Amino acid sequence: MTTTHIGIDLGTTNCAVAIAQGGADAETQGIPQIGAPGRVDTLPTLPSSIYMSGEQEFDAAGLKLPWSAEGDPLVVGTFAREHGPHAPERLIHSAKSWLCNPNVDPSDALLPWQSQAVESKLSPLEVSAKLLSHIHASLQNTNSLPEGTRSIITVPASFDDAARRATQVAALEAGFSESTLLLEEPLAALYAWLETQGNNWRKQIEPGQLVLVCDVGGGTSDFSLIAVSESDGDLRLDRVAVGSHILLGGDNLDLALAYIVKAQLENQDTQLDDWQFRSLIQKARAAKETLFNNPELSVAPISLESRGSSLFASTIRAEVSRDTLDAVIVDGFFAKTGINDFPQDGTSVGLQELGLNYAADPVLPKHIAAFLHQAQRSFDNQPELAERLDPAGERRNQAFIKPERILFNGGVFHAAALRQRVVDILSEWCGQPVAELDGAQLDQAVALGAAAYGRIQECGEGIRIRAGAAHSMYIGIASTMPAIPGFTPPVQALCVVPQGMEEGSEITLDKEFGLIVGKPVTFQVFSSNKRPEDTVGSLVSDAASQLETSRPLETYLDALENFPSGTPIPVKLHAHLTATGQLELWMQHTRSDQRFKIDFDVRLD
């Protein structure tokens, strides 16, 4: 039977779908959605927006999709994005970033954030499930889900364990099968590039080189470093490092331009209300794209509807100039900075809103610089890879890693000026030219690469990027010490999966630990992509201050005979990272044959 592979880019601002049938190349799939009440459009992408329409706000029949019997008050896609700014308290966007917010449970109903206009809210998990359900229904409607179909959903490489688990739960709730895989977005972008190049990819990269995948979408930035080496005469690709989850993207650029234009209008005694400013953001985005796509233009005009009653003041006119574009975006967000210029910390104010953790520093090259320093540490702690890639040792123990190639992904990089600015900065840092990989598909590469990966994994033909665990994973260990009034001992964290640990690996820790059985218990899971030096068994003394934390796993382990409930029993830990990326953590009672198991998903690809 020929297997169909569905690649799904579950993006922060847009979703995309691609299909690979059997051995054929992956192709993108249009997604039907409400374009306006009473009109269904099939478009290349599905905006990751949901509008919670009010009672009797629209005729239900006007919101009917081809696969539904009646209209859905939760409108997904283009109309949600375009109409939502008119009633922002009913609009949900950027829900994906809430999945990895350590301060909230992905199943908590909190969206639209801080809204008082809706009777009931949705959780980040429910929003993801709703987007995926729309995609699932559209695929069923076009007969693109035959028996045996396998789906691959992409997520940021920086997603922690809780965010990955929430994405998997959302996929199941949306109707996708338990065999659905997760794949890191930068890896998917590279798979798509390899797919388009065929055998010609060897003309652009060669053994001994490093490829930086720079993915800047509408709401997030994601970085990964890929090593090109040779093993037994064959070229091999290994993922070396992944960056942090950075809420910084194209939306920031559009908002900055909108504020500049708003200030210019106010200087001319023209005041904008909230509705007009939200419209201005969309117009600023269009002006930005016009100027970047037409280098010969010096200005891009903007027109806004007036809210006044005068027929002679029906339109407000403004413009974005080339000088403004260069100052705000090219020399602002993409300013020329040094390799040792890192992002500034956030606010020092004691209290702030408990919302999304947006990047405090908007200068993208600073985030790239921080990643290259971090990636050097990851490289130095992978001796087998370092020896294969760099037998002379010239790359090791440097201040930062120096890539030779860069693959761009994300809509921001449609602007050739921004790609060139990043290439120029990297080349200056590295002291040698850093070449852009030609042939990138910036908007739909992630979906195409995911579908291609599914085919490669099944048939075994094609190049597979070896990735292992994207983060080191730790399990919380309670300290044993005398009680002290007013003092709570810090939780220690034991490393059970070091960064880069390959699938199929198994380890056993010789040290005994006390496992509480016979009562409800909590396992605290930590992660880090900034401690590549940790190995299996490494103990981090104050986990809360040094590691990223996710929602704890609450469970119950049956008591053993002759052991009272709540009694700690001696166990040794055995960790197995399966071929599907699941961590099986076994706890073997050292006085009997009894074993206990808890499961975590820790790896993508």
# chains A, B, ... in the order shown; residues from 1 in each chain; ligands from 1
call {"tool": "residues_around", "arguments": {"residues": "range 167-184 of chain A", "least_positions_apart": "4", "cutoff": "8 Å", "atoms": "only C-alpha atoms", "output": "count of residues only"}}
result
21
call {"tool": "closest_atom_pairs", "arguments": {"of": "range 412-500 of chain A", "to": "range 214-225 of chain A", "cutoff": "10 Å", "atoms": "only C-alpha atoms", "output": "JSON lines"}}
result
{"residue": "A:Val412", "atom": "CA", "partner": "A:Gly217", "partner_atom": "CA", "distance": 6.1}
{"residue": "A:Phe413", "atom": "CA", "partner": "A:Val216", "partner_atom": "CA", "distance": 7.4}
{"residue": "A:Arg419", "atom": "CA", "partner": "A:Cys214", "partner_atom": "CA", "distance": 9.9}
{"residue": "A:Val422", "atom": "CA", "partner": "A:Cys214", "partner_atom": "CA", "distance": 9.5}
{"residue": "A:Leu442", "atom": "CA", "partner": "A:Asp215", "partner_atom": "CA", "distance": 8.9}
{"residue": "A:Asp443", "atom": "CA", "partner": "A:Gly217", "partner_atom": "CA", "distance": 8.7}
{"residue": "A:Val446", "atom": "CA", "partner": "A:Asp215", "partner_atom": "CA", "distance": 10.0}
{"residue": "A:Ala470", "atom": "CA", "partner": "A:Ser224", "partner_atom": "CA", "distance": 9.9}
call {"tool": "closest_residue", "arguments": {"among": "A:Asp25, A:Glu319, A:Glu436, A:Glu89", "to": "Tyr51 in chain A", "atoms": "only C-alpha atoms"}}
result
A:Glu89
call {"tool": "closest_residue", "arguments": {"among": "A:Asp254, A:Glu57, A:Glu82, A:Glu289", "to": "Trp275 in chain A", "atoms": "only C-alpha atoms"}}
result
A:Glu82
call {"tool": "residues_around", "arguments": {"residues": "Leu111 in chain A", "least_positions_apart": "6", "cutoff": "9 Å", "atoms": "only C-alpha atoms", "output": "ChimeraX atom specification"}}
result
/A:90-93,95,120-124,127
call {"tool": "residues_around", "arguments": {"residues": "Gly22 in chain A", "least_positions_apart": "3", "cutoff": "8 Å", "atoms": "only C-alpha atoms", "output": "compact mmCIF listing (two decimals) with N, CA, C and O atoms, in the first residue's frame"}}
result
# COMPACT_ATOMS: atom_id res chain seq x y z
N THR A 2 0.56 2.20 -0.84
CA THR A 2 1.30 3.47 -0.90
C THR A 2 0.87 4.34 0.27
O THR A 2 -0.31 4.60 0.46
N THR A 3 1.83 4.80 1.05
CA THR A 3 1.53 5.62 2.21
C THR A 3 1.51 7.09 1.84
O THR A 3 2.35 7.57 1.08
N THR A 4 0.53 7.80 2.37
CA THR A 4 0.45 9.24 2.22
C THR A 4 1.03 9.90 3.46
O THR A 4 0.70 9.53 4.58
N HIS A 5 1.90 10.89 3.27
CA HIS A 5 2.49 11.61 4.38
C HIS A 5 2.02 13.06 4.35
O HIS A 5 2.17 13.74 3.33
N ARG A 455 8.20 10.63 4.32
CA ARG A 455 8.53 9.67 3.26
C ARG A 455 9.92 9.08 3.46
O ARG A 455 10.13 7.88 3.31
call {"tool": "closest_residue", "arguments": {"among": "A:Ser229, A:Asn562, A:Gln282, A:Gln398", "to": "Gly250 in chain A", "atoms": "only C-alpha atoms"}}
result
A:Gln282
call {"tool": "residues_around", "arguments": {"residues": "range 587-591 of chain A", "least_positions_apart": "2", "cutoff": "6 Å", "atoms": "only C-alpha atoms", "output": "JSON, numbers by chain"}}
result
{"A": [570, 571, 572, 573, 594, 595, 596]}
call {"tool": "closest_residue", "arguments": {"among": "A:Gly449, A:Gly11, A:Pro102, A:Pro391", "to": "Thr28 in chain A", "atoms": "only C-alpha atoms"}}
result
A:Gly449
call {"tool": "residues_around", "arguments": {"residues": "His86 in chain A", "least_positions_apart": "6", "cutoff": "12 Å", "atoms": "only C-alpha atoms", "output": "ChimeraX atom specification"}}
result
/A:51,53,79-80,273-279
call {"tool": "select_by_dssp", "arguments": {"residues": "range 321-480 of chain A", "states": "helix (DSSP H, G or I)", "output": "PyMOL selection string"}}
result
chain A and resi 322-333+364-380+383-389+411-414+416-430+445-459
call {"tool": "closest_residue", "arguments": {"among": "A:Lys511, A:Arg464, A:Lys519, A:His574", "to": "Ala192 in chain A", "atoms": "only C-alpha atoms"}}
result
A:Arg464
call {"tool": "atom_distance", "arguments": {"atom1": "CA of Leu407 in chain A", "atom2": "CA of Leu212 in chain A"}}
result
6.2 Å
call {"tool": "residues_around", "arguments": {"residues": "Gln29 in chain A", "least_positions_apart": "4", "cutoff": "12 Å", "atoms": "only C-alpha atoms", "output": "MDAnalysis selection string"}}
result
chainID A and resid 6:9 15:20 42:46 135 138:139 142:144 444 447:448 451
call {"tool": "write_last_selection", "arguments": {"atoms": "N, CA, C and O atoms", "output": "short mmCIF file (atom, residue, chain, number, x, y, z; two decimals), in the first residue's frame"}}
result
data_model
loop_
_atom_site.label_atom_id
_atom_site.label_comp_id
_atom_site.auth_asym_id
_atom_site.auth_seq_id
_atom_site.Cartn_x
_atom_site.Cartn_y
_atom_site.Cartn_z
N ILE A 6 1.47 13.50 5.45
CA ILE A 6 0.94 14.87 5.58
C ILE A 6 1.90 15.67 6.45
O ILE A 6 2.17 15.31 7.60
N GLY A 7 2.44 16.75 5.90
CA GLY A 7 3.27 17.66 6.67
C GLY A 7 2.47 18.88 7.07
O GLY A 7 1.85 19.53 6.22
N ILE A 8 2.44 19.20 8.36
CA ILE A 8 1.63 20.31 8.87
C ILE A 8 2.52 21.29 9.61
O ILE A 8 3.18 20.93 10.60
N ASP A 9 2.55 22.50 9.12
CA ASP A 9 3.25 23.60 9.81
C ASP A 9 2.23 24.30 10.69
O ASP A 9 1.42 25.09 10.22
N CYS A 15 -0.61 28.64 9.36
CA CYS A 15 -0.44 27.20 9.20
C CYS A 15 -0.36 26.87 7.71
O CYS A 15 -0.92 27.59 6.88
N ALA A 16 0.32 25.78 7.40
CA ALA A 16 0.42 25.32 6.02
C ALA A 16 0.40 23.80 6.01
O ALA A 16 0.75 23.15 7.01
N VAL A 17 0.02 23.23 4.87
CA VAL A 17 -0.10 21.78 4.73
C VAL A 17 0.54 21.34 3.42
O VAL A 17 0.41 22.01 2.40
N ALA A 18 1.27 20.23 3.47
CA ALA A 18 1.85 19.62 2.27
C ALA A 18 1.61 18.12 2.32
O ALA A 18 1.49 17.53 3.39
N ILE A 19 1.57 17.51 1.14
CA ILE A 19 1.29 16.07 1.02
C ILE A 19 2.34 15.42 0.14
O ILE A 19 2.69 15.93 -0.92
N ALA A 20 2.86 14.28 0.60
CA ALA A 20 3.78 13.46 -0.19
C ALA A 20 3.11 12.10 -0.40
O ALA A 20 2.87 11.38 0.56
N THR A 42 -10.14 29.11 -0.73
CA THR A 42 -9.08 28.10 -0.55
C THR A 42 -7.75 28.79 -0.79
O THR A 42 -7.45 29.24 -1.90
N LEU A 43 -6.95 28.88 0.28
CA LEU A 43 -5.73 29.66 0.25
C LEU A 43 -4.52 28.80 0.63
O LEU A 43 -4.67 27.75 1.27
N PRO A 44 -3.32 29.24 0.25
CA PRO A 44 -2.11 28.43 0.53
C PRO A 44 -1.82 28.28 2.02
O PRO A 44 -1.21 27.29 2.42
N THR A 45 -2.24 29.26 2.83
CA THR A 45 -1.98 29.17 4.27
C THR A 45 -3.27 29.46 5.03
O THR A 45 -4.21 30.08 4.51
N LEU A 46 -3.27 29.03 6.29
CA LEU A 46 -4.39 29.26 7.19
C LEU A 46 -3.90 30.12 8.35
O LEU A 46 -3.10 29.65 9.17
N ILE A 135 -7.76 21.77 9.89
CA ILE A 135 -6.90 21.17 8.86
C ILE A 135 -7.30 19.73 8.60
O ILE A 135 -7.38 19.29 7.44
N SER A 138 -10.46 19.62 6.55
CA SER A 138 -10.24 20.02 5.16
C SER A 138 -9.57 18.90 4.37
O SER A 138 -9.87 18.69 3.19
N LEU A 139 -8.67 18.16 5.02
CA LEU A 139 -8.02 17.03 4.35
C LEU A 139 -9.00 15.91 4.09
O LEU A 139 -9.00 15.30 3.02
N THR A 142 -11.19 16.63 1.11
CA THR A 142 -10.57 16.48 -0.20
C THR A 142 -10.03 15.06 -0.42
O THR A 142 -9.23 14.83 -1.32
N ASN A 143 -10.44 14.14 0.44
CA ASN A 143 -10.02 12.73 0.34
C ASN A 143 -8.50 12.58 0.40
O ASN A 143 -7.91 11.74 -0.29
N SER A 144 -7.85 13.40 1.23
CA SER A 144 -6.39 13.34 1.34
C SER A 144 -5.92 12.55 2.55
O SER A 144 -4.76 12.60 2.91
N GLN A 444 6.40 28.07 2.87
CA GLN A 444 5.81 26.74 3.03
C GLN A 444 6.86 25.64 3.14
O GLN A 444 6.53 24.46 3.06
N ALA A 447 6.17 22.93 6.05
CA ALA A 447 5.18 21.89 5.74
C ALA A 447 5.73 20.91 4.70
O ALA A 447 5.58 19.69 4.83
N LEU A 448 6.37 21.43 3.66
CA LEU A 448 6.95 20.57 2.62
C LEU A 448 8.02 19.65 3.20
O LEU A 448 8.07 18.45 2.88
N ALA A 451 6.49 16.73 5.28
CA ALA A 451 5.97 15.64 4.44
C ALA A 451 7.11 14.83 3.84
O ALA A 451 7.05 13.60 3.79
#
